[in-house]
Amino acid sequence: MRIVSGIQPTGNLHLGNYLGAIRNWVKMQDEVAASGGQSLYFLADLHAISMPHVPAELRENTFEMTAALVACGIDPDKSILFNQAQVPAHAELQWLLSGTGRMGWLNRMTQWKDKAGKNREGQSVALFTYPVLQAADVLLYQATHVPVGEDQKQHLELARDIAQKFNNDFASEEAPVFTLPDPIIPPEAARIMSLRDGSAKMSKSDPSDMSRINLTDDADTIMAKVKKAKTDPEPLPGDKGGLEGRPEAANLVGIYAAMSGESQDAVLARFGGEGFGKFKPALGELLVESLARINARFVELRQDREALDAILAKGALKARELAGPTLSAAYKALGLVR
């Protein structure tokens with residue numbers, strides 16, 4: 001079993017990033033390693049340039065995301081952790097697959113329609129061909145499985161279509177160039193909302209820092225943010241059904257459940273009937289205790305550029321070695337002289 005998954009290097013990581021994706025990666029890494037498989041996790045810095053960006057910020061965010069992943073539990077000795085830009089085979093294979101991908105396939109991509117909006121003519125070519133690079137990301141390593149959320153299912157289907165067509169056109173059934181990866185639907189990730197608005201996702205782009213718990217926040221800051229989080233005047237209900245129509249209450253209970261590993265009903269069995277004056281300090285203490293190790297490691301690593309360079313270089317070396325045979329096979333299948 002070989003799992004491949006990528007994440008865009010965005011800065012200012014928060015609780016939503018951790019509970020929404022990174023924690024699942026850590027769990028998957030340990031399970032795959034225990035079964036003798038391999039996990040490759042990469043920072044999608046090549047994908048990041050499909051949209052307007054500030055180069056210095058992209059560079060800093062790449063190091064910051066590396067520090068966050070390691071602090072949260074991604075182990076460079078158990079997994080291969082690297083950034084795309086240090087493995088040129090990603091960009092090479094994207095071009096080789098561009099001859100197989102079809103305009104009609106890309107035009108149907110929902111994310112392209114959403115991100116391009118009405119100004120399609122003004123978007124970068126990279127935004128349109130983004131899914132071909134995603135296909136290269138996974139096909140390059142003969143991935144057997146790719147973790148996908150609802151928003152990425154369509155892109156994995158495209159990767160399978162490209163792999164199938166390439167194998168049909170340029171290889172034999174007995175010796176295909178690419179493995180067709182299967183999706184892994186991770187356990188439903190906690191959907192963490194803003195502390196100031198229970199109907200909006202927790203986001204680094206929210207102008208109010210009080211709307212999120214950052215991985216860099218210290219204990220006092222976390223406690224202050226939780227105590228000032230928006231709520232309603234009603235006490236907590238005795239079961240999950242009582243949270244209907246109470247988005248802020250539902251968010252705080254959901255955060256508690258996600259951090260403690262309990263169901264929301266179990267949390268409410270303990271706190272039902274209580275006001276937020278009792279629940280908020282309990283939630284703050286749970287967050288402080290759970291995030292203390294991650295916070296300390298993240299802050300320490302973020303300052304150690306040499307260590308982060310070494311982690312990415314080590315991972316990229318392993319990734320290049322794994323990618324080499326597949327890239328060579330693709331060149332050969334296409335009849336290209338090297």
# chains A, B, ... in the order shown; residues from 1 in each chain; ligands from 1
>>> residues_around(residues="Ser35 in chain A", least_positions_apart="5", cutoff="12 Å", atoms="only C-alpha atoms", output="list in words")
Met1, Arg2, Met28, Gln29, Asp30 and Lys78 of chain A
>>> write_last_selection(atoms="C-alpha atoms", output="PDB file, in the first residue's frame")
ATOM      1  CA  MET A   1       0.000   0.000   0.000  1.00  0.00           C
ATOM      2  CA  ARG A   2       1.374   3.378  -0.991  1.00  0.00           C
ATOM      3  CA  MET A  28      -2.989   7.216   8.485  1.00  0.00           C
ATOM      4  CA  GLN A  29       0.827   7.435   8.559  1.00  0.00           C
ATOM      5  CA  ASP A  30       0.990   5.227  11.657  1.00  0.00           C
ATOM      6  CA  LYS A  78       7.915   6.938   8.980  1.00  0.00           C
TER       7      LYS A  78
END
>>> residues_around(residues="Arg320 in chain A", least_positions_apart="6", cutoff="12 Å", atoms="only C-alpha atoms", output="list in words")
Leu40, Ile80, Leu81, Phe82, Asn83, Gln84, Ala85, Gln86, Val87, Pro88, Ala89, His90, Leu140, Tyr141, Leu312, Ala313, Lys314, Thr326, Leu327 and Ser328 of chain A
>>> closest_residue(among="A:Pro131, A:Pro247, A:Pro176, A:Gly242", to="Leu156 in chain A", atoms="only C-alpha atoms")
A:Pro131
>>> closest_atom_pairs(of="range 230-250 of chain A", to="range 198-204 of chain A", cutoff="9 Å", atoms="only C-alpha atoms", output="JSON lines")
{"residue": "A:Lys230", "atom": "CA", "partner": "A:Gly198", "partner_atom": "CA", "distance": 8.1}
{"residue": "A:Thr231", "atom": "CA", "partner": "A:Gly198", "partner_atom": "CA", "distance": 8.8}
{"residue": "A:Arg246", "atom": "CA", "partner": "A:Gly198", "partner_atom": "CA", "distance": 8.2}
{"residue": "A:Pro247", "atom": "CA", "partner": "A:Gly198", "partner_atom": "CA", "distance": 4.7}
{"residue": "A:Glu248", "atom": "CA", "partner": "A:Gly198", "partner_atom": "CA", "distance": 4.4}
{"residue": "A:Ala249", "atom": "CA", "partner": "A:Gly198", "partner_atom": "CA", "distance": 7.9}
{"residue": "A:Ala250", "atom": "CA", "partner": "A:Gly198", "partner_atom": "CA", "distance": 7.9}
>>> select_by_dssp(residues="range 95-262 of chain A", states="alpha helix (DSSP H)", output="MDAnalysis selection string")
chainID A and resid 95:98 103:107 110:116 125:139 153:170 219:227 247:260
>>> select_by_dssp(residues="range 69-106 of chain A", states="strand (DSSP E)", output="PyMOL selection string")
chain A and resi 80-83
>>> closest_residue(among="A:Phe276, A:Tyr130, A:Tyr256, A:Phe170", to="Ala44 in chain A", atoms="only C-alpha atoms")
A:Tyr130
>>> residues_around(residues="Leu308 in chain A", least_positions_apart="4", cutoff="9 Å", atoms="only C-alpha atoms", output="ChimeraX atom specification")
/A:63-64,66-67,301-302,304,312-313
>>> atom_distance(atom1="CA of Gly73 in chain A", atom2="CA of Ala190 in chain A")
17.9 Å
>>> atom_distance(atom1="CA of Lys153 in chain A", atom2="CA of Lys113 in chain A")
15.4 Å
>>> closest_residue(among="A:Leu133, A:Ala330, A:Ile3, A:Ile222", to="Ala171 in chain A", atoms="only C-alpha atoms")
A:Ala330
>>> closest_residue(among="A:Val125, A:Ala163, A:Val146, A:Met65", to="Pro183 in chain A", atoms="only C-alpha atoms")
A:Val146
>>> residues_around(residues="Ala136 in chain A", least_positions_apart="4", cutoff="8 Å", atoms="only C-alpha atoms", output="list of chain:residue names")
A:His90, A:Ala91, A:Leu93, A:Gln94, A:Leu97, A:Val132, A:Leu140, A:Ala159
>>> closest_residue(among="A:Pro237, A:Gly16, A:Pro186, A:Gly104", to="Ile255 in chain A", atoms="only C-alpha atoms")
A:Gly16
